[in-house]
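Novice: Here it is, the structure, as C-alpha cells.
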Amino acid sequence: MENRKIVSRNEWLEAHATLLSKEKELTKAHDRLAAERRRAPWMKVEKTYEFDGPDGKTDLPGLFGGRKQLIVYHHMLRPADPAPCTGCAMVGDQIPHLAHLHTRDTALVFVSRAPVDEIEAFRKRMGWQMPWFSTMDDFNADFDVPRYFGLNVFYRDGGNIYRTYFTTGRGVETLGTVWTLLDLTPLGRQETWEESPKGTPQTEPYQWWRLHDEYMDG
C-alpha cells in the first residue's frame with residue numbers, strides 16, 4: 001500500500017487522539033440532528049390503505065401491531081422478480097432482532113409491490129424474521145416511493161396516524177452495520193467515490209453487492 005505512514009506507538013496514539021476528537025464532534029452533531037428530527041412537524045395520514053400478509057389482509061393501523069411507532073422500509077421486490085435488489089437485501093440482512101424495538105413501543109415492517117406468496121418465499125430464502133407485506137394501492141406513491149426504495153416513519157395517537165419522517169438513497173445507511181464496519185477499516189468500502197490513499201483497491205459503487213447466498217466465499 002502506498003502513502004501509509006508507519007510510526008511508533010506514541011506517534012500512533014497522538015494521531016489517534018486527534019481523529020477521536022473529530023469522531024466525538026461528529027457524534028454530538030448526530031445527536032443534535034436527531035433532536036431536530038424529533039421536533040420536526042408531522043403530517044396527518046388521511047387515506048386508508050390495504051396490505052396483504054401471510055395471515056391475511058390488514059390496514060395501516062394494523063401494521064403497528066398495537067404499538068405507537070412504526071418504521072416502514074419500502075423494499076424493491078417486484079412481481080416475479082428475476083433479480084431482487086441487492087441493496088435492499090443488504091438492508092434486510094442488517095435489521096436487528098425486533099424485540100429491541102418492540103420494548104420501545106416501535107414496530108418495523110417491510111412492504112413491497114410483489115404478491116405475498118413471492119414475498120414469503122424470498123423472506124424465507126434470506127432467513128429474515130421481520131413482518132413483510134404486499135402493497136398494491138397508492139401507499140408507496142403517496143409516501144414518496146413511487147419507484148425504488150425508501151423509509152417512512154409513522155406515529156399512532158389513538159385513531160389518528162401521522163407521518164413523521166422520510167428518507168431514501170444513502171439515508172437508509174443508518175439502518176446498516178456493514179457500511180459502518182467497513183468505514184472503520186483502512187480500505188473502507190473500497191468504492192471509487194471514496195477518498196482513499198493511492199493504491200487502495202476500489203470498484204464501482206454497488207457492483208460488489210450480492211444476495212448473501214450468492215457470494216463465492218460467503
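FYI, nothing fancy with the C-alpha cells labels: chains A, B, ... in order, residues from 1 per chain, ligands from 1 as they appear.
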Give me the residues near A:Thr177 as a VMD selection string, where near means some atom within 12 Å (using only C-alpha atoms) and where sequence neighbours in that chain fewer than 2 positions away do not count.
Specialist: chain A and resid 90 to 96 172 to 175 179 to 184
Novice: Dump as a tab-separated table the rows for residues of stretch 91-180 of chain A within 9 Å of stretch 80-83 of chain A: closest atom pair and distance in Å with one decimal, only C-alpha atoms counted, ordered by chain and rising residue number.
Specialist:
```
residue	atom	partner	partner_atom	distance
A:Ala114	CA	A:Ala80	CA	7.5
A:Pro115	CA	A:Ala80	CA	8.5
A:Glu118	CA	A:Ala80	CA	7.3
```
Novice: I need the residues from that last selection saved to file as a PDB file, in the first residue's frame (with N, CA and C atoms), if you can.
Specialist:
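So the final result, stored in again.pdb, reads:
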```
ATOM      1  N   ALA A 114     -45.067  -6.776  -4.560  1.00  0.00           N
ATOM      2  CA  ALA A 114     -44.990  -8.150  -5.046  1.00  0.00           C
ATOM      3  C   ALA A 114     -46.051  -8.959  -4.309  1.00  0.00           C
ATOM      4  N   PRO A 115     -46.552 -10.032  -4.912  1.00  0.00           N
ATOM      5  CA  PRO A 115     -47.552 -10.869  -4.231  1.00  0.00           C
ATOM      6  C   PRO A 115     -46.989 -11.446  -2.935  1.00  0.00           C
ATOM      7  N   GLU A 118     -44.826 -14.621  -3.051  1.00  0.00           N
ATOM      8  CA  GLU A 118     -43.457 -14.421  -3.519  1.00  0.00           C
ATOM      9  C   GLU A 118     -42.615 -13.721  -2.451  1.00  0.00           C
TER      10      GLU A 118
END
```
Novice: Mind running stretch 59-105 of chain A against stretch 209-215 of chain A at 8 Å and telling me each contacting residue's nearest atom pair with the distance in Å (one decimal), counting only C-alpha atoms, chain and number ascending, as JSON lines?
Specialist:
```
{"residue": "A:Thr86", "atom": "CA", "partner": "A:Arg210", "partner_atom": "CA", "distance": 5.3}
{"residue": "A:Gly87", "atom": "CA", "partner": "A:Trp209", "partner_atom": "CA", "distance": 6.9}
{"residue": "A:Ala89", "atom": "CA", "partner": "A:Leu211", "partner_atom": "CA", "distance": 6.2}
{"residue": "A:Met90", "atom": "CA", "partner": "A:Leu211", "partner_atom": "CA", "distance": 7.3}
```
Novice: Neighbours of A:Phe133 within 7 Å (only C-alpha atoms; same-chain residues fewer than 2 positions away dropped), as a list in words?
Specialist: Phe51, Asp52, Gly53, Phe110, Val111, Ser112, Val116, Pro131 and Thr135 of chain A
Novice: Could you find all residues in stretch 7-137 of chain A that DSSP calls alpha helix (DSSP H) from the backbone, and write them as number ranges by chain?
Specialist: A: 9-38, 60-63, 86-93, 99-102, 116-126
Novice: From the options A:Trp193, A:Trp42, A:Tyr206, A:Tyr73, which residue's atoms come nearest to A:Asn140, counting only C-alpha atoms?
Specialist: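 Residue with the minimum atom-to-atom distance to A:Asn140: A:Tyr73.
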Novice: Considering only C-alpha atoms, can you say which of A:Phe149, A:Ala40, A:Asp117, A:Asp138 comes closest to A:Gly56?
Specialist: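 Once distances to A:Gly56 are computed over only C-alpha atoms, the minimum belongs to A:Asp117.
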Novice: May I have all residues of stretch 96-189 of chain A that DSSP, computed from the backbone, assigns to strand (DSSP E), given as a PyMOL selection string?
Specialist: chain A and resi 106-112+132-135+150-157+160-167
Novice: Go ahead and write the selection's residues with N, CA and C atoms as a PDB file, in the first residue's frame.
Specialist:
```pdb
ATOM      1  N   THR A 106     -42.150   0.332  19.408  1.00  0.00           N
ATOM      2  CA  THR A 106     -41.885   0.616  17.999  1.00  0.00           C
ATOM      3  C   THR A 106     -41.947  -0.665  17.181  1.00  0.00           C
ATOM      4  N   ALA A 107     -42.682  -0.623  16.074  1.00  0.00           N
ATOM      5  CA  ALA A 107     -42.768  -1.743  15.147  1.00  0.00           C
ATOM      6  C   ALA A 107     -41.963  -1.425  13.893  1.00  0.00           C
ATOM      7  N   LEU A 108     -41.495  -2.473  13.213  1.00  0.00           N
ATOM      8  CA  LEU A 108     -40.807  -2.327  11.932  1.00  0.00           C
ATOM      9  C   LEU A 108     -41.342  -3.369  10.975  1.00  0.00           C
ATOM     10  N   VAL A 109     -41.711  -2.922   9.767  1.00  0.00           N
ATOM     11  CA  VAL A 109     -42.180  -3.852   8.742  1.00  0.00           C
ATOM     12  C   VAL A 109     -41.554  -3.482   7.400  1.00  0.00           C
ATOM     13  N   PHE A 110     -41.520  -4.446   6.493  1.00  0.00           N
ATOM     14  CA  PHE A 110     -41.165  -4.219   5.097  1.00  0.00           C
ATOM     15  C   PHE A 110     -42.454  -4.251   4.277  1.00  0.00           C
ATOM     16  N   VAL A 111     -42.488  -3.487   3.195  1.00  0.00           N
ATOM     17  CA  VAL A 111     -43.571  -3.575   2.227  1.00  0.00           C
ATOM     18  C   VAL A 111     -42.969  -3.633   0.830  1.00  0.00           C
ATOM     19  N   SER A 112     -43.649  -4.317  -0.077  1.00  0.00           N
ATOM     20  CA  SER A 112     -43.194  -4.425  -1.462  1.00  0.00           C
ATOM     21  C   SER A 112     -44.389  -4.579  -2.383  1.00  0.00           C
ATOM     22  N   TRP A 132     -43.481  -8.708   6.644  1.00  0.00           N
ATOM     23  CA  TRP A 132     -43.317  -8.173   5.287  1.00  0.00           C
ATOM     24  C   TRP A 132     -44.651  -8.294   4.567  1.00  0.00           C
ATOM     25  N   PHE A 133     -45.141  -7.166   4.051  1.00  0.00           N
ATOM     26  CA  PHE A 133     -46.476  -7.104   3.482  1.00  0.00           C
ATOM     27  C   PHE A 133     -46.447  -6.680   2.022  1.00  0.00           C
ATOM     28  N   SER A 134     -47.438  -7.169   1.278  1.00  0.00           N
ATOM     29  CA  SER A 134     -47.644  -6.745  -0.102  1.00  0.00           C
ATOM     30  C   SER A 134     -48.516  -5.490  -0.114  1.00  0.00           C
ATOM     31  N   THR A 135     -48.110  -4.501  -0.916  1.00  0.00           N
ATOM     32  CA  THR A 135     -48.896  -3.283  -1.075  1.00  0.00           C
ATOM     33  C   THR A 135     -49.113  -3.046  -2.563  1.00  0.00           C
ATOM     34  N   GLY A 150     -37.240   3.250  -0.063  1.00  0.00           N
ATOM     35  CA  GLY A 150     -37.313   4.379   0.858  1.00  0.00           C
ATOM     36  C   GLY A 150     -37.720   3.907   2.237  1.00  0.00           C
ATOM     37  N   LEU A 151     -37.744   4.835   3.176  1.00  0.00           N
ATOM     38  CA  LEU A 151     -38.110   4.523   4.555  1.00  0.00           C
ATOM     39  C   LEU A 151     -39.009   5.618   5.089  1.00  0.00           C
ATOM     40  N   ASN A 152     -40.148   5.226   5.639  1.00  0.00           N
ATOM     41  CA  ASN A 152     -41.085   6.153   6.266  1.00  0.00           C
ATOM     42  C   ASN A 152     -41.299   5.778   7.720  1.00  0.00           C
ATOM     43  N   VAL A 153     -41.555   6.790   8.536  1.00  0.00           N
ATOM     44  CA  VAL A 153     -41.842   6.575   9.958  1.00  0.00           C
ATOM     45  C   VAL A 153     -43.202   7.207  10.276  1.00  0.00           C
ATOM     46  N   PHE A 154     -43.997   6.479  11.058  1.00  0.00           N
ATOM     47  CA  PHE A 154     -45.335   6.929  11.414  1.00  0.00           C
ATOM     48  C   PHE A 154     -45.526   6.848  12.932  1.00  0.00           C
ATOM     49  N   TYR A 155     -46.453   7.682  13.410  1.00  0.00           N
ATOM     50  CA  TYR A 155     -46.818   7.682  14.831  1.00  0.00           C
ATOM     51  C   TYR A 155     -48.332   7.556  14.939  1.00  0.00           C
ATOM     52  N   ARG A 156     -48.775   6.715  15.851  1.00  0.00           N
ATOM     53  CA  ARG A 156     -50.204   6.487  16.055  1.00  0.00           C
ATOM     54  C   ARG A 156     -50.637   7.082  17.383  1.00  0.00           C
ATOM     55  N   ASP A 157     -51.627   7.958  17.327  1.00  0.00           N
ATOM     56  CA  ASP A 157     -52.182   8.596  18.525  1.00  0.00           C
ATOM     57  C   ASP A 157     -53.675   8.327  18.533  1.00  0.00           C
ATOM     58  N   ASN A 160     -55.712   8.360  15.169  1.00  0.00           N
ATOM     59  CA  ASN A 160     -55.013   9.165  14.183  1.00  0.00           C
ATOM     60  C   ASN A 160     -53.599   8.647  13.934  1.00  0.00           C
ATOM     61  N   ILE A 161     -53.177   8.706  12.679  1.00  0.00           N
ATOM     62  CA  ILE A 161     -51.827   8.302  12.300  1.00  0.00           C
ATOM     63  C   ILE A 161     -51.150   9.474  11.607  1.00  0.00           C
ATOM     64  N   TYR A 162     -49.883   9.691  11.956  1.00  0.00           N
ATOM     65  CA  TYR A 162     -49.125  10.818  11.414  1.00  0.00           C
ATOM     66  C   TYR A 162     -47.827  10.315  10.795  1.00  0.00           C
ATOM     67  N   ARG A 163     -47.481  10.928   9.672  1.00  0.00           N
ATOM     68  CA  ARG A 163     -46.170  10.669   9.071  1.00  0.00           C
ATOM     69  C   ARG A 163     -45.174  11.630   9.701  1.00  0.00           C
ATOM     70  N   THR A 164     -44.059  11.099  10.206  1.00  0.00           N
ATOM     71  CA  THR A 164     -43.111  11.942  10.936  1.00  0.00           C
ATOM     72  C   THR A 164     -41.754  12.074  10.261  1.00  0.00           C
ATOM     73  N   TYR A 165     -41.404  11.117   9.357  1.00  0.00           N
ATOM     74  CA  TYR A 165     -40.049  11.143   8.789  1.00  0.00           C
ATOM     75  C   TYR A 165     -40.017  10.348   7.495  1.00  0.00           C
ATOM     76  N   PHE A 166     -39.104  10.727   6.604  1.00  0.00           N
ATOM     77  CA  PHE A 166     -38.880  10.004   5.354  1.00  0.00           C
ATOM     78  C   PHE A 166     -37.433  10.159   4.932  1.00  0.00           C
ATOM     79  N   THR A 167     -36.864   9.100   4.359  1.00  0.00           N
ATOM     80  CA  THR A 167     -35.548   9.196   3.744  1.00  0.00           C
ATOM     81  C   THR A 167     -35.427   8.149   2.654  1.00  0.00           C
TER      82      THR A 167
END
```
Novice: Have a look at atom CA of A:Leu26 and atom CA of A:Gly171 and let me know their distance in Å, one decimal.
Specialist: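 Going from atom CA of A:Leu26 over to atom CA of A:Gly171 covers 16.3 Å.
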Novice: One decimal, Å: what's the distance from atom CA of A:Asp59 over to atom CA of A:Ala141, could you say?
Specialist: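 Going from atom CA of A:Asp59 over to atom CA of A:Ala141 covers 16.2 Å.
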